[in-house]
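Asker: Questions regarding the structure given below will be posed in turn.
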Amino acid sequence: MQPLIDNARTFGQRPEEFARLAEGQSPDVLFITCSDSRVVPALITGARPGELFELRTAGNIVPPYALEHPTSEAATIEYAVEVLGVKDIVVCGHSHCGAVGAVVRGDDLAAVPAVRDWLAHAAEEPKCDDPADPTVAEAVQNHVLTQVLRLRSYPCVERRLAEGRIGLHAWFYEVHTGTVRQHHAETDTFETL
């Protein structure tokens, strides 16, 4: 903890770098990813403060849209699209994902009922030929595509897509190599950016 505290003490000693942030935010991208500590959107993309609007959830899950049961995730997505006017949304899954791995392995999550119930939002079990693969790459990639489909059902996203005013992107980040792959619909494959 001490190195984090030390950095936090010196972080604000460059006020000229942060003054413009007080004027508001206008990020172009909503970046939806896992809460996993190994996934750092600004580090992966090189984004500076104010350039990404982030939504981090266990397993980068986008819950089904249900106006009668609002969620923090739905509110974040709606705010990013309607208020901030983001032009792109990235759903970024990652290798070695504990959440997706637990789903495909059918792990007993009785000791963590909130986690178990949250992972139920993952819809159907992601396709995975080898659940023993520690990277769970195939399962995560299929899971990311499911979450992108979920985004399409959000009224604000659906409307912006119809107007051609927003792009959706499915990414897969390999924590063990640093490689980022993007899904290409034409070939239905994830290819290196």
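Naming scheme: A, B, ... for chains in displayed order of the structure tokens; residues 1 onward per chain; ligands 1 onward as shown.
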Quick one: DSSP strand (DSSP E) residues in stretch 26-191 of chain A, as a ChimeraX atom specification?
Answerer: /A:29-34,52-57,88-94,167-173,180-184,189-191
Asker: What's the 10 Å shell around stretch 11-22 of chain A, counting only C-alpha atoms, without same-chain residues fewer than 6 positions away, as a compact mmCIF listing (two decimals) with C-alpha atoms, in the first residue's frame?
Answerer:
```txt
# COMPACT_ATOMS: atom_id res chain seq x y z
CA ILE A 5 0.21 6.31 -1.04
CA PRO A 49 -7.26 11.46 -18.03
CA GLY A 50 -10.56 12.46 -19.62
```
Asker: Can you pull out the residues contacting stretch 85-92 of chain A? Cut-off 8 Å, using only C-alpha atoms, and skip same-chain residues under 3 positions away; I want them as a count of residues only.
Answerer: 25
Asker: Write out as number ranges by chain the residues lying within 10 Å of A:Arg181, counting only C-alpha atoms and excluding same-chain residues fewer than 2 positions away.
Answerer: A: 92-94, 141, 170-174, 178-179, 183-184, 189-193
Asker: With DSSP run on the backbone, what are the helix (DSSP H, G or I) residues within stretch 100-188 of chain A? I'd like them as a ChimeraX atom specification.
Answerer: /A:100-105,113-122,137-152,155-162
Asker: Only C-alpha atoms, please: the residues just picked out, written as a PDB file, in the first residue's frame.
Answerer:
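In the end it all went to result.pdb:
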```pdb
ATOM      1  CA  VAL A 100     -15.518 -16.529 -17.284  1.00  0.00           C
ATOM      2  CA  GLY A 101     -13.367 -19.445 -16.149  1.00  0.00           C
ATOM      3  CA  ALA A 102     -15.712 -20.062 -13.214  1.00  0.00           C
ATOM      4  CA  VAL A 103     -18.700 -20.120 -15.570  1.00  0.00           C
ATOM      5  CA  VAL A 104     -17.199 -22.545 -18.091  1.00  0.00           C
ATOM      6  CA  ARG A 105     -15.795 -24.845 -15.394  1.00  0.00           C
ATOM      7  CA  PRO A 113     -23.453 -15.784  -3.611  1.00  0.00           C
ATOM      8  CA  ALA A 114     -23.278 -12.228  -4.966  1.00  0.00           C
ATOM      9  CA  VAL A 115     -20.583 -13.323  -7.423  1.00  0.00           C
ATOM     10  CA  ARG A 116     -22.596 -16.432  -8.360  1.00  0.00           C
ATOM     11  CA  ASP A 117     -25.730 -14.391  -9.016  1.00  0.00           C
ATOM     12  CA  TRP A 118     -23.835 -11.713 -10.938  1.00  0.00           C
ATOM     13  CA  LEU A 119     -22.227 -14.325 -13.192  1.00  0.00           C
ATOM     14  CA  ALA A 120     -25.701 -15.634 -14.001  1.00  0.00           C
ATOM     15  CA  HIS A 121     -25.945 -12.457 -16.135  1.00  0.00           C
ATOM     16  CA  ALA A 122     -23.373 -14.012 -18.441  1.00  0.00           C
ATOM     17  CA  ALA A 137      -9.361 -17.483 -24.520  1.00  0.00           C
ATOM     18  CA  GLU A 138     -12.084 -19.079 -26.628  1.00  0.00           C
ATOM     19  CA  ALA A 139     -14.676 -18.741 -23.866  1.00  0.00           C
ATOM     20  CA  VAL A 140     -13.748 -15.112 -23.149  1.00  0.00           C
ATOM     21  CA  GLN A 141     -13.899 -14.168 -26.821  1.00  0.00           C
ATOM     22  CA  ASN A 142     -17.359 -15.752 -27.167  1.00  0.00           C
ATOM     23  CA  HIS A 143     -18.409 -14.052 -23.933  1.00  0.00           C
ATOM     24  CA  VAL A 144     -17.271 -10.635 -25.235  1.00  0.00           C
ATOM     25  CA  LEU A 145     -19.363 -11.111 -28.380  1.00  0.00           C
ATOM     26  CA  THR A 146     -22.386 -11.932 -26.211  1.00  0.00           C
ATOM     27  CA  GLN A 147     -21.877  -8.710 -24.253  1.00  0.00           C
ATOM     28  CA  VAL A 148     -21.655  -6.690 -27.477  1.00  0.00           C
ATOM     29  CA  LEU A 149     -24.960  -8.234 -28.560  1.00  0.00           C
ATOM     30  CA  ARG A 150     -26.423  -7.221 -25.196  1.00  0.00           C
ATOM     31  CA  LEU A 151     -25.318  -3.644 -25.797  1.00  0.00           C
ATOM     32  CA  ARG A 152     -27.293  -3.615 -29.040  1.00  0.00           C
ATOM     33  CA  PRO A 155     -32.392   1.609 -26.494  1.00  0.00           C
ATOM     34  CA  CYS A 156     -29.808   4.403 -26.557  1.00  0.00           C
ATOM     35  CA  VAL A 157     -27.218   2.191 -28.269  1.00  0.00           C
ATOM     36  CA  GLU A 158     -29.762   0.717 -30.678  1.00  0.00           C
ATOM     37  CA  ARG A 159     -30.852   4.227 -31.704  1.00  0.00           C
ATOM     38  CA  ARG A 160     -27.285   5.504 -32.199  1.00  0.00           C
ATOM     39  CA  LEU A 161     -26.384   2.408 -34.231  1.00  0.00           C
ATOM     40  CA  ALA A 162     -29.411   2.970 -36.480  1.00  0.00           C
TER      41      ALA A 162
END
```
Asker: Return the single residue from A:Val39, A:Ile77, A:Leu4, A:Val136 that is closest to A:Val175, with distances computed using only C-alpha atoms.
Answerer: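 The answer is A:Val39, which sits nearest to A:Val175.
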Asker: What does the distance between atom CA of A:His176 and atom CA of A:Ala8 come to in Å, to one decimal place?
Answerer: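 A separation of 27.6 Å between them.
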Asker: I'd like to know which of A:Ser37, A:Cys97, A:Gln2, A:Gly106 is closest to A:Pro134, using only C-alpha atoms.
Answerer: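 Using only C-alpha atoms, A:Pro134 sits closest to A:Cys97.
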